[in-house]
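Printed here is data-v4.cif (mmCIF, C-alpha atoms and all ligand atoms):
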```cif
data_start
loop_
_atom_site.label_atom_id
_atom_site.label_comp_id
_atom_site.auth_asym_id
_atom_site.auth_seq_id
_atom_site.Cartn_x
_atom_site.Cartn_y
_atom_site.Cartn_z
CA MET K 8 72.46 60.36 131.25
CA ASN K 9 69.17 59.96 129.44
CA ASN K 10 68.88 56.46 130.81
CA HIS K 11 68.01 57.89 134.19
CA ILE K 12 65.01 59.91 133.04
CA THR K 13 61.80 58.00 133.61
CA LEU K 14 58.71 58.37 131.46
CA GLY K 15 56.77 59.78 134.41
CA GLU K 16 59.40 62.47 134.98
CA TYR K 17 59.56 63.25 131.29
CA ILE K 18 55.78 63.71 130.99
CA ILE K 19 55.70 66.11 133.94
CA ASP K 20 58.82 68.01 132.82
CA ASN K 21 57.35 68.58 129.38
CA GLN K 22 53.91 69.64 130.47
CA LYS K 23 55.12 73.23 130.27
CA GLU K 24 55.47 72.90 126.48
CA PHE K 25 51.72 73.32 126.35
CA GLN K 26 50.37 76.73 126.81
CA TYR K 27 47.51 76.89 129.32
CA SER K 28 48.20 73.26 130.15
CA SER K 29 45.96 71.93 132.87
CA GLY K 30 47.85 68.65 133.11
CA GLU K 31 45.03 66.82 131.34
CA LEU K 32 47.26 65.56 128.54
CA SER K 33 49.84 64.41 131.07
CA ARG K 34 47.16 62.45 132.90
CA LEU K 35 45.98 60.93 129.64
CA LEU K 36 49.52 59.80 128.79
CA SER K 37 49.87 58.35 132.28
CA SER K 38 46.68 56.33 131.77
CA ILE K 39 48.02 54.99 128.49
CA LYS K 40 51.19 54.03 130.34
CA LEU K 41 49.18 52.05 132.87
CA ALA K 42 47.07 50.26 130.25
CA LEU K 43 50.05 49.33 128.13
CA LYS K 44 51.79 47.71 131.10
CA VAL K 45 48.74 45.51 131.63
CA VAL K 46 48.60 44.59 127.92
CA ASN K 47 52.35 44.01 127.86
CA HIS K 48 52.00 41.50 130.69
CA GLU K 49 49.25 39.67 128.81
CA VAL K 50 51.11 39.72 125.50
CA ASN K 51 54.02 37.96 127.20
CA LYS K 52 51.72 35.31 128.66
CA ALA K 53 49.98 34.72 125.33
CA GLY K 54 53.32 33.83 123.78
CA LEU K 55 53.89 31.30 126.51
CA VAL K 56 50.47 29.70 126.01
CA ASP K 57 51.04 29.48 122.28
CA ILE K 58 54.45 27.95 122.71
CA LEU K 59 52.83 25.19 124.73
CA GLY K 60 50.65 24.58 121.70
CA ASP K 61 47.31 25.01 123.37
CA ALA K 62 45.44 26.62 120.52
CA GLY K 63 42.04 25.69 122.01
CA ASP K 64 39.52 28.33 122.81
CA THR K 65 39.58 28.06 126.59
CA ASN K 66 42.17 29.66 128.84
CA ILE K 67 43.99 28.22 131.81
CA GLN K 68 41.05 29.05 134.10
CA GLY K 69 38.70 27.17 131.80
CA GLU K 70 37.09 30.39 130.53
CA ASP K 71 36.68 31.13 126.87
CA GLN K 72 40.04 32.44 125.71
CA GLN K 73 39.81 36.04 124.63
CA LYS K 74 41.60 37.07 121.53
CA LEU K 75 44.39 39.38 122.52
CA ASP K 76 43.18 42.24 120.40
CA VAL K 77 39.80 42.14 122.13
CA TYR K 78 41.56 41.93 125.48
CA ALA K 79 43.85 44.87 124.67
CA ASN K 80 40.84 46.87 123.56
CA GLU K 81 39.06 46.16 126.84
CA VAL K 82 42.07 47.14 128.92
CA PHE K 83 42.59 50.46 127.14
CA MET K 84 38.88 51.27 127.08
CA ARG K 85 38.42 50.40 130.75
CA THR K 86 41.47 52.33 131.90
CA LEU K 87 40.56 55.43 129.92
CA VAL K 88 36.89 55.32 130.89
CA ASN K 89 37.62 54.68 134.57
CA ARG K 90 40.09 57.52 134.82
CA GLN K 91 37.69 59.88 133.02
CA ILE K 92 40.45 61.91 131.43
CA ALA K 93 39.21 61.89 127.83
CA CYS K 94 35.76 62.92 126.62
CA GLY K 95 35.59 60.20 123.98
CA ILE K 96 37.38 57.15 122.64
CA ALA K 97 37.33 55.51 119.22
CA SER K 98 38.93 52.15 118.63
CA GLU K 99 39.55 49.89 115.70
CA GLU K 100 37.79 47.18 117.69
CA GLU K 101 34.60 49.15 118.40
CA ASP K 102 31.76 49.74 115.93
CA ASP K 103 31.33 53.36 116.97
CA PHE K 104 33.07 55.90 119.19
CA VAL K 105 32.37 55.86 122.91
CA VAL K 106 31.40 58.99 124.85
CA VAL K 107 33.10 59.31 128.24
CA GLU K 108 31.19 61.35 130.78
CA GLY K 109 34.04 62.77 132.84
CA LYS K 110 33.91 63.63 136.52
CA ASN K 111 30.32 64.08 137.76
CA LYS K 112 29.03 63.46 134.21
CA SER K 113 30.47 66.85 133.32
CA HIS K 114 31.75 66.13 129.77
CA ASP K 115 34.39 68.68 130.67
CA ASN K 116 37.45 66.82 129.42
CA LYS K 117 39.05 68.36 126.38
CA TYR K 118 40.77 65.46 124.61
CA ILE K 119 39.59 62.54 122.51
CA ILE K 120 41.67 59.48 121.85
CA LEU K 121 41.72 57.01 118.98
CA MET K 122 43.56 53.70 119.02
CA ASP K 123 44.49 50.45 117.44
CA PRO K 124 44.73 48.44 120.66
CA LEU K 125 46.67 45.57 119.10
CA ASP K 126 48.43 46.03 115.81
CA GLY K 127 49.79 43.06 113.90
CA SER K 128 47.70 40.58 115.84
CA SER K 129 48.35 37.82 113.30
CA ASN K 130 51.90 37.79 114.70
CA ILE K 131 50.84 36.86 118.22
CA ASP K 132 50.68 33.12 117.55
CA VAL K 133 54.22 33.08 116.20
CA ASN K 134 55.83 35.17 118.95
CA VAL K 135 56.66 38.11 116.71
CA SER K 136 56.42 41.75 117.81
CA VAL K 137 53.04 43.43 117.94
CA GLY K 138 52.05 46.91 119.00
CA THR K 139 49.47 49.44 120.16
CA ILE K 140 48.92 52.74 118.34
CA PHE K 141 47.20 55.85 119.74
CA SER K 142 46.29 59.31 118.58
CA ILE K 143 45.05 62.30 120.62
CA TYR K 144 43.12 65.40 119.50
CA ARG K 145 41.59 68.36 121.22
CA ARG K 146 37.81 68.18 120.88
CA VAL K 147 36.05 70.60 118.55
CA SER K 148 32.66 70.29 120.22
CA PRO K 149 31.96 72.60 123.19
CA LEU K 150 33.21 71.63 126.65
CA GLY K 151 30.43 70.33 128.84
CA THR K 152 28.59 68.56 126.01
CA PRO K 153 29.02 64.92 124.94
CA ALA K 154 31.78 64.27 122.36
CA THR K 155 30.52 64.10 118.78
CA LYS K 156 31.64 62.36 115.63
CA GLU K 157 33.17 65.62 114.40
CA ASP K 158 35.66 65.44 117.26
CA PHE K 159 37.01 62.23 115.75
CA LEU K 160 36.93 63.20 112.09
CA GLN K 161 39.70 65.79 112.27
CA PRO K 162 42.62 65.78 109.86
CA GLY K 163 45.81 64.25 111.26
CA ASN K 164 47.63 67.59 111.18
CA LEU K 165 45.54 68.60 114.21
CA GLN K 166 46.85 65.76 116.37
CA VAL K 167 48.06 66.94 119.75
CA ALA K 168 49.97 63.75 120.45
CA ALA K 169 50.43 60.31 118.96
CA GLY K 170 52.48 57.25 119.70
CA TYR K 171 52.86 53.54 119.73
CA VAL K 172 53.97 50.77 121.98
CA ILE K 173 56.05 47.98 120.55
CA TYR K 174 55.88 44.71 122.45
CA GLY K 175 59.15 43.45 121.03
CA THR K 176 62.40 42.00 122.30
CA SER K 177 61.99 44.81 124.75
CA THR K 178 58.84 46.85 125.26
CA MET K 179 59.07 50.43 124.11
CA LEU K 180 56.78 53.45 124.09
CA VAL K 181 57.52 55.90 121.29
CA TYR K 182 55.51 59.11 121.22
CA SER K 183 55.40 62.73 120.22
CA THR K 184 53.50 65.74 121.44
CA GLY K 185 54.57 67.74 118.40
CA HIS K 186 58.05 68.54 119.66
CA GLY K 187 60.02 65.65 118.15
CA VAL K 188 59.84 61.95 118.90
CA ASN K 189 61.15 60.17 121.97
CA GLY K 190 61.42 56.49 122.77
CA PHE K 191 61.21 54.93 126.23
CA THR K 192 62.18 51.36 127.07
CA LEU K 193 60.51 49.35 129.81
CA ASN K 194 62.70 47.88 132.50
CA PRO K 195 60.48 44.86 133.19
CA ALA K 196 62.11 44.11 136.53
CA ILE K 197 60.73 47.28 138.08
CA GLY K 198 57.96 48.19 135.62
CA THR K 199 59.46 51.59 134.80
CA PHE K 200 60.05 53.19 131.40
CA TYR K 201 63.31 55.05 130.81
CA LEU K 202 64.14 57.52 128.06
CA SER K 203 66.36 55.33 125.86
CA HIS K 204 65.91 56.96 122.42
CA PRO K 205 65.80 60.76 122.80
CA ASN K 206 64.93 62.89 119.79
CA MET K 207 64.57 60.07 117.24
CA LYS K 208 65.40 61.00 113.64
CA PHE K 209 64.17 59.22 110.55
CA PRO K 210 67.16 58.84 108.19
CA GLU K 211 66.53 60.92 105.09
CA GLU K 212 67.57 58.02 102.86
CA GLY K 213 67.34 54.30 103.44
CA ASN K 214 67.84 50.94 101.82
CA ILE K 215 64.93 48.89 103.13
CA TYR K 216 61.52 48.53 101.53
CA SER K 217 58.62 46.94 103.38
CA ILE K 218 55.58 45.76 101.47
CA ASN K 219 53.57 42.55 101.18
CA GLU K 220 55.01 41.65 97.82
CA GLY K 221 52.88 38.53 97.62
CA TYR K 222 50.10 40.80 96.36
CA TYR K 223 52.33 42.25 93.63
CA ILE K 224 50.00 41.22 90.84
CA HIS K 225 47.22 43.35 92.37
CA PHE K 226 49.30 46.52 92.91
CA PRO K 227 48.93 49.79 91.02
CA GLN K 228 51.44 50.21 88.20
CA GLY K 229 53.19 53.06 90.06
CA VAL K 230 53.97 50.71 92.97
CA LYS K 231 55.20 48.02 90.59
CA ASP K 232 57.50 50.55 88.95
CA PHE K 233 58.83 51.72 92.31
CA LEU K 234 59.51 48.11 93.34
CA LYS K 235 61.42 47.58 90.11
CA TYR K 236 63.47 50.66 91.00
CA CYS K 237 64.19 49.23 94.49
CA GLN K 238 65.37 45.96 92.96
CA GLU K 239 67.49 47.47 90.21
CA GLU K 240 71.27 47.02 90.41
CA LYS K 241 72.46 50.60 90.49
CA ASP K 242 74.13 52.94 93.03
CA ASP K 243 73.24 51.53 96.47
CA ARG K 244 70.49 49.31 95.07
CA PRO K 245 69.04 46.72 95.13
CA TYR K 246 67.53 47.48 98.54
CA SER K 247 66.69 44.90 101.17
CA ALA K 248 63.11 43.72 101.58
CA ARG K 249 61.91 43.49 105.19
CA TYR K 250 58.25 42.92 106.06
CA ILE K 251 57.06 41.83 109.48
CA GLY K 252 53.35 42.32 108.85
CA SER K 253 52.91 44.49 111.90
CA LEU K 254 52.93 48.16 110.96
CA VAL K 255 54.36 49.26 114.30
CA SER K 256 57.32 46.89 114.01
CA ASP K 257 57.99 47.66 110.37
CA PHE K 258 57.77 51.39 111.01
CA HIS K 259 59.97 51.20 114.11
CA ARG K 260 62.73 49.38 112.26
CA ASN K 261 62.56 51.73 109.29
CA MET K 262 62.63 54.81 111.52
CA ILE K 263 65.82 53.56 113.15
CA LYS K 264 67.56 52.18 110.05
CA GLY K 265 66.01 54.13 107.15
CA GLY K 266 63.42 52.63 104.85
CA ILE K 267 59.96 52.84 103.36
CA TYR K 268 56.74 51.04 104.31
CA ILE K 269 54.00 50.73 101.69
CA TYR K 270 50.49 49.36 101.97
CA PRO K 271 49.00 50.39 98.64
CA THR K 272 45.56 50.06 97.16
CA SER K 273 45.14 46.86 95.21
CA SER K 274 42.55 45.39 92.96
CA LYS K 275 41.54 43.36 96.05
CA ALA K 276 41.49 46.27 98.50
CA PRO K 277 40.67 49.35 96.41
CA GLN K 278 40.92 51.69 99.42
CA GLY K 279 44.01 50.02 100.87
CA LYS K 280 43.91 48.10 104.14
CA LEU K 281 45.23 50.35 106.86
CA ARG K 282 42.91 52.63 108.77
CA LEU K 283 43.43 56.36 108.50
CA LEU K 284 42.39 57.28 112.01
CA TYR K 285 43.87 54.47 114.10
CA GLU K 286 47.00 53.60 112.14
CA CYS K 287 48.03 55.99 109.37
CA ASN K 288 47.50 59.36 111.06
CA PRO K 289 49.39 58.59 114.27
CA ILE K 290 52.22 56.85 112.40
CA ALA K 291 52.35 59.69 109.84
CA PHE K 292 52.57 62.22 112.71
CA LEU K 293 55.54 60.34 114.19
CA ALA K 294 57.14 60.02 110.76
CA GLU K 295 56.95 63.76 110.17
CA GLN K 296 57.97 64.65 113.70
CA SER K 297 61.15 62.62 113.18
CA GLY K 298 61.89 64.05 109.72
CA GLY K 299 60.22 61.36 107.58
CA LEU K 300 57.25 61.58 105.25
CA ALA K 301 53.86 59.88 104.90
CA THR K 302 51.53 60.06 101.89
CA ASP K 303 48.77 58.09 100.25
CA GLY K 304 50.99 57.89 97.17
CA TYR K 305 49.90 61.33 96.02
CA LYS K 306 49.23 63.61 98.96
CA ARG K 307 50.16 64.09 102.57
CA ILE K 308 48.31 61.71 104.92
CA LEU K 309 47.97 64.37 107.61
CA ASP K 310 46.02 66.66 105.26
CA ILE K 311 43.24 64.15 104.52
CA LYS K 312 39.91 65.20 105.98
CA PRO K 313 38.39 61.95 107.23
CA SER K 314 34.81 61.17 106.29
CA GLU K 315 34.26 58.08 108.41
CA LEU K 316 35.72 56.48 111.51
CA HIS K 317 36.96 53.27 109.97
CA GLN K 318 38.14 54.83 106.71
CA ARG K 319 40.99 53.05 104.94
CA VAL K 320 43.76 54.69 102.92
CA PRO K 321 46.81 53.59 100.97
CA PHE K 322 49.95 54.29 102.98
CA PHE K 323 53.49 55.24 101.91
CA CYS K 324 55.63 56.10 104.88
CA GLY K 325 59.28 56.36 105.73
CA SER K 326 62.53 58.06 104.80
CA LYS K 327 61.75 61.35 103.06
CA LYS K 328 63.72 60.69 99.89
CA MET K 329 62.32 57.19 99.47
CA VAL K 330 58.71 58.31 99.87
CA GLU K 331 59.32 61.14 97.41
CA LYS K 332 60.68 58.61 94.94
CA ALA K 333 57.65 56.36 95.38
CA ASN K 334 55.33 59.35 94.92
CA TYR K 335 57.20 60.22 91.73
CA TYR K 336 56.44 56.78 90.28
CA MET K 337 52.83 56.99 91.47
CA SER K 338 52.37 60.40 89.86
CA LYS K 339 52.90 58.90 86.40
CA TYR K 340 49.53 57.19 86.60
CA PRO K 341 46.12 58.51 87.53
CA ARG K 342 44.81 57.55 90.93
CA GLY K 343 42.53 54.53 90.86
CA ALA K 344 42.13 52.62 87.63
CA ASN K 345 45.76 51.68 87.15
CA TYR K 346 46.03 48.00 87.99
P1 LIG W 401 45.77 44.85 112.74
O1 LIG W 401 46.45 43.68 113.40
O2 LIG W 401 45.56 45.99 113.69
O3 LIG W 401 44.52 44.47 112.02
O4 LIG W 401 46.77 45.49 111.67
C1 LIG W 401 47.44 44.69 110.74
C2 LIG W 401 47.93 45.56 109.63
C3 LIG W 401 49.33 46.12 109.81
O5 LIG W 401 49.83 46.15 111.08
C4 LIG W 401 50.17 45.25 108.94
O6 LIG W 401 51.28 45.94 108.45
C5 LIG W 401 49.23 44.81 107.87
O7 LIG W 401 47.97 44.79 108.46
C6 LIG W 401 49.57 43.46 107.33
O8 LIG W 401 48.66 43.14 106.32
P2 LIG W 401 48.94 41.98 105.26
O9 LIG W 401 48.90 40.70 106.04
O10 LIG W 401 47.84 42.11 104.28
O11 LIG W 401 50.30 42.24 104.65
MN MN W 402 46.67 47.58 112.99
MN MN W 403 44.44 46.01 115.52
#
```
For this file, write the structure as structure tokens.
Ligand code: AHG
Ligand code: MN
Ligand code: MN
Amino acid sequence: MNNHITLGEYIIDNQKEFQYSSGELSRLLSSIKLALKVVNHEVNKAGLVDILGDAGDTNIQGEDQQKLDVYANEVFMRTLVNRQIACGIASEEEDDFVVVEGKNKSHDNKYIILMDPLDGSSNIDVNVSVGTIFSIYRRVSPLGTPATKEDFLQPGNLQVAAGYVIYGTSTMLVYSTGHGVNGFTLNPAIGTFYLSHPNMKFPEEGNIYSINEGYYIHFPQGVKDFLKYCQEEKDDRPYSARYIGSLVSDFHRNMIKGGIYIYPTSSKAPQGKLRLLYECNPIAFLAEQSGGLATDGYKRILDIKPSELHQRVPFFCGSKKMVEKANYYMSKYPRGANY
């Protein structure tokens, strides 16, 4: 029974998938596991505080209350820096990437990690699922030297591993090391993750579309046309609209049920809103690893060569056939000036 395989066992068992593996990636994943348990604990408490209505800016100890996304960032940064198993970290919450020295200041670690420590943070106050997203690459700079910006600006197709945590009705870790996608559910009573969703598959077709339709007026014409298609009464349409406003949660639901998530460019956000390195690349990697698709409306997300750390891109992600359909409508208009 899959239910009896723990995350720890799974990580060790699958280490052999990596040629010349030194166990470094396994140790990195174990550190993420530790940090996410700490954040999970805090996320649960934050809900409790909010339910009690104390929206003031001091916590129960009378200290200034930290925003949960800052807290999550600190936990992940601290855990990864303390364990010295990556040579560099970039986070949505940091201005620049952070160089990690490694044991004896050696700079000998071979992986870098990028993360969105808390995704969907506007949902915290209303007790709706939030997440953490991470992405791992092998460094391109020489071992023994400090990590450089080039290590972080790699296209998503070079990701070694990526995943997310969903702090939902149950807490799950979903990740891939390039050999399919597996989901693990936390048993909170004993603090252990179990393999609950082996070999996750994105349905090829779906009937859910997820987009912030409130901004409809600002969308590119291709997106408007695709939405009209989704709402048309024909075949299995109209589709259902489902939008949580937390990418991780929207993606997770669509991956299980079949659907498409879109965060397009708009006349208000001409580059889109989501960040290529911390959100789109890891989610696109998981989408493809489970049989789905992710584009910017025209081309594959994973093929974009990033030019800056906090770069934003439009994002179309989900069931293969649905994304292809959206791309088809997008292709009728030139990129950019089509609002
Ligand atoms: P974050 O909380 O990390 O800033 O990310 C929020 C993102 C994404 O998770 C979500 O789907 C989207 O922003 C929601 O944006 P809108 O409120 O504009 O729809
Ligand atoms: Mn986010
Ligand atoms: Mn965030």
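The residues sitting within 6 Å of ligand MN 402 (chain W), with all atoms listed in the file considered, come out as Asp123, Asp126 and Gly127 of chain K.
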| Environment of ligand LIG 401 (chain W) within 7 Å, counting only C-alpha atoms and all ligand atoms, reported as a VMD selection string | chain K and resid 123 125 to 129 219 252 to 255 280 to 281
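Residues of protein, DNA or RNA lying at most 9 Å from ligand MN 403 (chain W), when only C-alpha atoms and all ligand atoms are considered, are Asp76, Val77, Asn80, Ser98, Glu99, Glu100, Met122, Asp123, Pro124, Leu125, Asp126, Gly127, Ser128, Gly138, Thr139, Ile140, Tyr285 and Glu286 of chain K.
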I need the chosen residues saved as a PDB file, keeping the file's coordinate frame, with C-alpha atoms.
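What follows is the written file part.pdb:
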```pdb
ATOM      1  CA  ASP K  76      43.180  42.240 120.400  1.00  0.00           C
ATOM      2  CA  VAL K  77      39.800  42.140 122.130  1.00  0.00           C
ATOM      3  CA  ASN K  80      40.840  46.870 123.560  1.00  0.00           C
ATOM      4  CA  SER K  98      38.930  52.150 118.630  1.00  0.00           C
ATOM      5  CA  GLU K  99      39.550  49.890 115.700  1.00  0.00           C
ATOM      6  CA  GLU K 100      37.790  47.180 117.690  1.00  0.00           C
ATOM      7  CA  MET K 122      43.560  53.700 119.020  1.00  0.00           C
ATOM      8  CA  ASP K 123      44.490  50.450 117.440  1.00  0.00           C
ATOM      9  CA  PRO K 124      44.730  48.440 120.660  1.00  0.00           C
ATOM     10  CA  LEU K 125      46.670  45.570 119.100  1.00  0.00           C
ATOM     11  CA  ASP K 126      48.430  46.030 115.810  1.00  0.00           C
ATOM     12  CA  GLY K 127      49.790  43.060 113.900  1.00  0.00           C
ATOM     13  CA  SER K 128      47.700  40.580 115.840  1.00  0.00           C
ATOM     14  CA  GLY K 138      52.050  46.910 119.000  1.00  0.00           C
ATOM     15  CA  THR K 139      49.470  49.440 120.160  1.00  0.00           C
ATOM     16  CA  ILE K 140      48.920  52.740 118.340  1.00  0.00           C
ATOM     17  CA  TYR K 285      43.870  54.470 114.100  1.00  0.00           C
ATOM     18  CA  GLU K 286      47.000  53.600 112.140  1.00  0.00           C
TER      19      GLU K 286
END
```
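Pairwise distance (CA of Leu193 (chain K), CA of Thr178 (chain K)) equals 5.5 Å.
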| Nearest to Met84 (chain K) among K:Asn206, K:Phe104, K:Cys287, K:Tyr336, with distances taken over all atoms listed in the file: which residue is it? | K:Phe104
| note | Using all atoms listed in the file, the shortest atom-to-atom distance to Thr13 (chain K) among K:Leu160, K:Ile197, K:Ala97, K:Val133 belongs to K:Ile197
Each region 263-316 of chain K residue no farther than 10 Å from region 222-238 of chain K, nearest pair in Å, all atoms listed in the file, as CSV:
```
residue,atom,partner,partner_atom,distance
K:Ile269,CA,K:Val230,CA,8.7
K:Tyr270,CA,K:Phe226,CA,9.6
K:Pro271,CA,K:Phe226,CA,6.9
K:Thr272,CA,K:Phe226,CA,6.7
K:Ser273,CA,K:Phe226,CA,4.8
K:Ser274,CA,K:His225,CA,5.1
K:Lys275,CA,K:His225,CA,6.8
K:Ala276,CA,K:His225,CA,8.9
K:Pro277,CA,K:Phe226,CA,9.7
K:Gly304,CA,K:Val230,CA,8.8
```
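Put simply, CA of Lys52 (chain K) is 11.4 Å away from CA of Asp132 (chain K).
With CA of Lys241 (chain K) on one side and CA of Phe322 (chain K) on the other, the separation reads 26.0 Å.
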| task | Pick out the residues sitting within 10 Å of Thr184 (chain K), and hand them over as a VMD selection string; count all atoms listed in the file, and ignore anything fewer than 2 positions along from it in its own chain. | result | chain K and resid 21 to 22 24 to 25 32 143 166 to 170 182 186 to 189 292 to 293 296
Selected residues, C-alpha atoms, written as a PDB file, in the coordinates of the input, please.
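Wrote it out as again_24.pdb, contents follow:
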```pdb
ATOM      1  CA  ASN K  21      57.350  68.580 129.380  1.00  0.00           C
ATOM      2  CA  GLN K  22      53.910  69.640 130.470  1.00  0.00           C
ATOM      3  CA  GLU K  24      55.470  72.900 126.480  1.00  0.00           C
ATOM      4  CA  PHE K  25      51.720  73.320 126.350  1.00  0.00           C
ATOM      5  CA  LEU K  32      47.260  65.560 128.540  1.00  0.00           C
ATOM      6  CA  ILE K 143      45.050  62.300 120.620  1.00  0.00           C
ATOM      7  CA  GLN K 166      46.850  65.760 116.370  1.00  0.00           C
ATOM      8  CA  VAL K 167      48.060  66.940 119.750  1.00  0.00           C
ATOM      9  CA  ALA K 168      49.970  63.750 120.450  1.00  0.00           C
ATOM     10  CA  ALA K 169      50.430  60.310 118.960  1.00  0.00           C
ATOM     11  CA  GLY K 170      52.480  57.250 119.700  1.00  0.00           C
ATOM     12  CA  TYR K 182      55.510  59.110 121.220  1.00  0.00           C
ATOM     13  CA  HIS K 186      58.050  68.540 119.660  1.00  0.00           C
ATOM     14  CA  GLY K 187      60.020  65.650 118.150  1.00  0.00           C
ATOM     15  CA  VAL K 188      59.840  61.950 118.900  1.00  0.00           C
ATOM     16  CA  ASN K 189      61.150  60.170 121.970  1.00  0.00           C
ATOM     17  CA  PHE K 292      52.570  62.220 112.710  1.00  0.00           C
ATOM     18  CA  LEU K 293      55.540  60.340 114.190  1.00  0.00           C
ATOM     19  CA  GLN K 296      57.970  64.650 113.700  1.00  0.00           C
TER      20      GLN K 296
END
```
